[in-house]
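Novice: Handing you a structure now.
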Amino acid sequence: MALMIGARIGGVFLGMVGGLGVGVMVFIFGLTPSTPPIDVILIILSVVLAAASLQASGGLDLLVKLAEKILRRHPRYITLLAPFICYIFTFMSGTGHVVYSLLPVISEVARDSGIRPERPLSISVIASQQAITASPISAAMR
């Protein structure tokens, strides 16, 4: 019930109400809280740190430039190449956030080649989500 109220209000309040709900379960109903999922927390921490260092070192910019070269070299196949590139990016990094930097490139190349941009963009986002579940360093399936 607390999460439904928090979701209705939205924002930071959702997290606060979630914590309040746990407090009610522990202190009012007497339930014992379980141990926190330390393995999952450490996996998420390592993936975020790796993605941040990839961004800070300029590696993500280099990868985006390489992907842009591939997409501009073969603009007719953007509906197939863009999802494949997004899948590889997400699979190797363990997070779907690296794909955000590719989306403007995909949109621009698609528009320039006369292809409706929503097609390669939507397929790329879905491919990225599938790569999260396939990635060995993602905490999604733990």
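Quick note on naming: the chains in the structure tokens go A, B, ... in the order shown, residues restart at 1 in each chain, and ligands are numbered from 1 in order of appearance.
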Quick one: residues within 12 Å of region 21-36 of chain A, only C-alpha atoms counted, chain neighbours fewer than 2 positions away excluded, as a compact mmCIF listing (two decimals) with C-alpha atoms, in the first residue's frame?
Specialist:
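Done, and the output landed in selection00.txt:
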```
# COMPACT_ATOMS: atom_id res chain seq x y z
CA MET A 1 0.00 0.00 0.00
CA ALA A 2 2.85 2.36 0.86
CA LEU A 3 4.51 1.82 -2.52
CA MET A 4 1.24 2.53 -4.31
CA ILE A 5 0.96 5.88 -2.54
CA GLY A 6 4.61 6.64 -3.27
CA PHE A 13 8.90 10.26 -2.19
CA LEU A 14 8.68 6.77 -3.70
CA GLY A 15 11.97 5.77 -2.04
CA MET A 16 11.01 7.45 1.21
CA VAL A 17 7.66 5.67 1.38
CA GLY A 18 9.39 2.37 0.57
CA GLY A 19 11.64 2.88 3.59
CA ILE A 38 25.55 -7.52 -0.85
CA ASP A 39 26.51 -9.42 -4.02
CA VAL A 40 24.03 -7.48 -6.14
CA ILE A 41 25.04 -4.17 -4.55
CA LEU A 42 28.70 -4.82 -5.31
```
Novice: Could you give me, as a PyMOL selection string, each residue of chain A that DSSP assigns to alpha helix (DSSP H) when run on this structure's backbone?
Specialist: chain A and resi 2-9+12-23+38-56+59-73+78-93+103-112+118-134
Novice: Rounded to one decimal in Å, what is the spacing between CA of Val12 (chain A) and CA of Leu102 (chain A)?
Specialist: 28.4 Å
Novice: Please list as a ChimeraX atom specification every residue within 7 Å of region 134-138 of chain A, counting only C-alpha atoms and excluding residues in the same chain fewer than 4 positions away.
Specialist: /A:91-92,94-95,130
Novice: Select, from A:Ser124, A:Ser46, A:Gln55, A:Ser101, the residue with the minimum atom-to-atom distance to Pro83 (chain A), counting only C-alpha atoms.
Specialist: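 Of the candidates, the smallest distance to Pro83 (chain A) is held by A:Ser124.
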Novice: Taking into account only C-alpha atoms, which residue in the set A:Thr79, A:Ile85, A:Asp61, A:Val98 is nearest to Ser122 (chain A)?
Specialist: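 Closest residue, counting only C-alpha atoms: A:Thr79.
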Novice: Kindly indicate which residue among A:Ile126, A:Leu20, A:Ala140, A:Leu60 lies nearest to Phe89 (chain A), using only C-alpha atoms for the distances.
Specialist: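 Using only C-alpha atoms, Phe89 (chain A) sits closest to A:Leu60.
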Novice: Hey, which of A:Leu103, A:Ile43, A:Ala50, A:Ile9 ends up closest to Ala82 (chain A)? Count only C-alpha atoms.
Specialist: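 For Ala82 (chain A), the nearest of the candidates is A:Leu103.
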Novice: Measuring between only C-alpha atoms, which one of A:Leu63, A:Leu54, A:Ile123, A:Ala131 shows the shortest distance to Ile88 (chain A)?
Specialist: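 Using only C-alpha atoms, Ile88 (chain A) sits closest to A:Ala131.
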Novice: What does the distance from CA of Glu68 (chain A) to CA of Val109 (chain A) come to in Å, to one decimal?
Specialist: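 According to the coordinates, CA of Glu68 (chain A) and CA of Val109 (chain A) are separated by 8.4 Å.
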Novice: Compare A:Ala7, A:Ile106, A:Val64, A:Ile44 by their minimum atom-to-atom distance to Met141 (chain A), counting only C-alpha atoms, and give me the closest one.
Specialist: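 Closest to Met141 (chain A), using only C-alpha atoms: A:Ile44.
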Novice: Skip Arg76 (chain A) itself and residues of its chain fewer than 4 positions away, then list as a PyMOL selection string all residues within 10 Å of it, counting only C-alpha atoms.
Specialist: chain A and resi 71-72+80-81+109-110+113-115
Novice: Can you write out the residues you just picked, keeping N, CA and C atoms, as a JSON list (two decimals), in the first residue's frame?
Specialist:
```
[["chain", "number", "residue", "atom", "x", "y", "z"],
["A", 71, "LEU", "N", 27.89, 3.08, -38.96],
["A", 71, "LEU", "CA", 26.53, 3.40, -39.38],
["A", 71, "LEU", "C", 26.51, 4.31, -40.61],
["A", 72, "ARG", "N", 27.43, 5.25, -40.67],
["A", 72, "ARG", "CA", 27.47, 6.16, -41.83],
["A", 72, "ARG", "C", 28.00, 5.45, -43.08],
["A", 80, "LEU", "N", 19.33, -2.83, -39.04],
["A", 80, "LEU", "CA", 19.97, -4.05, -38.54],
["A", 80, "LEU", "C", 21.24, -3.74, -37.74],
["A", 81, "LEU", "N", 22.02, -2.78, -38.21],
["A", 81, "LEU", "CA", 23.30, -2.50, -37.55],
["A", 81, "LEU", "C", 23.14, -1.77, -36.22],
["A", 109, "VAL", "N", 21.59, 9.53, -38.61],
["A", 109, "VAL", "CA", 21.92, 8.70, -39.77],
["A", 109, "VAL", "C", 20.64, 8.19, -40.44],
["A", 110, "ALA", "N", 19.65, 7.82, -39.65],
["A", 110, "ALA", "CA", 18.40, 7.33, -40.21],
["A", 110, "ALA", "C", 17.69, 8.44, -40.99],
["A", 113, "SER", "N", 19.40, 9.15, -44.30],
["A", 113, "SER", "CA", 19.25, 8.10, -45.32],
["A", 113, "SER", "C", 17.80, 7.87, -45.72],
["A", 114, "GLY", "N", 16.88, 8.67, -45.19],
["A", 114, "GLY", "CA", 15.48, 8.56, -45.59],
["A", 114, "GLY", "C", 14.70, 7.46, -44.88],
["A", 115, "ILE", "N", 15.23, 6.96, -43.80],
["A", 115, "ILE", "CA", 14.55, 5.92, -43.01],
["A", 115, "ILE", "C", 13.93, 6.59, -41.80]]
```
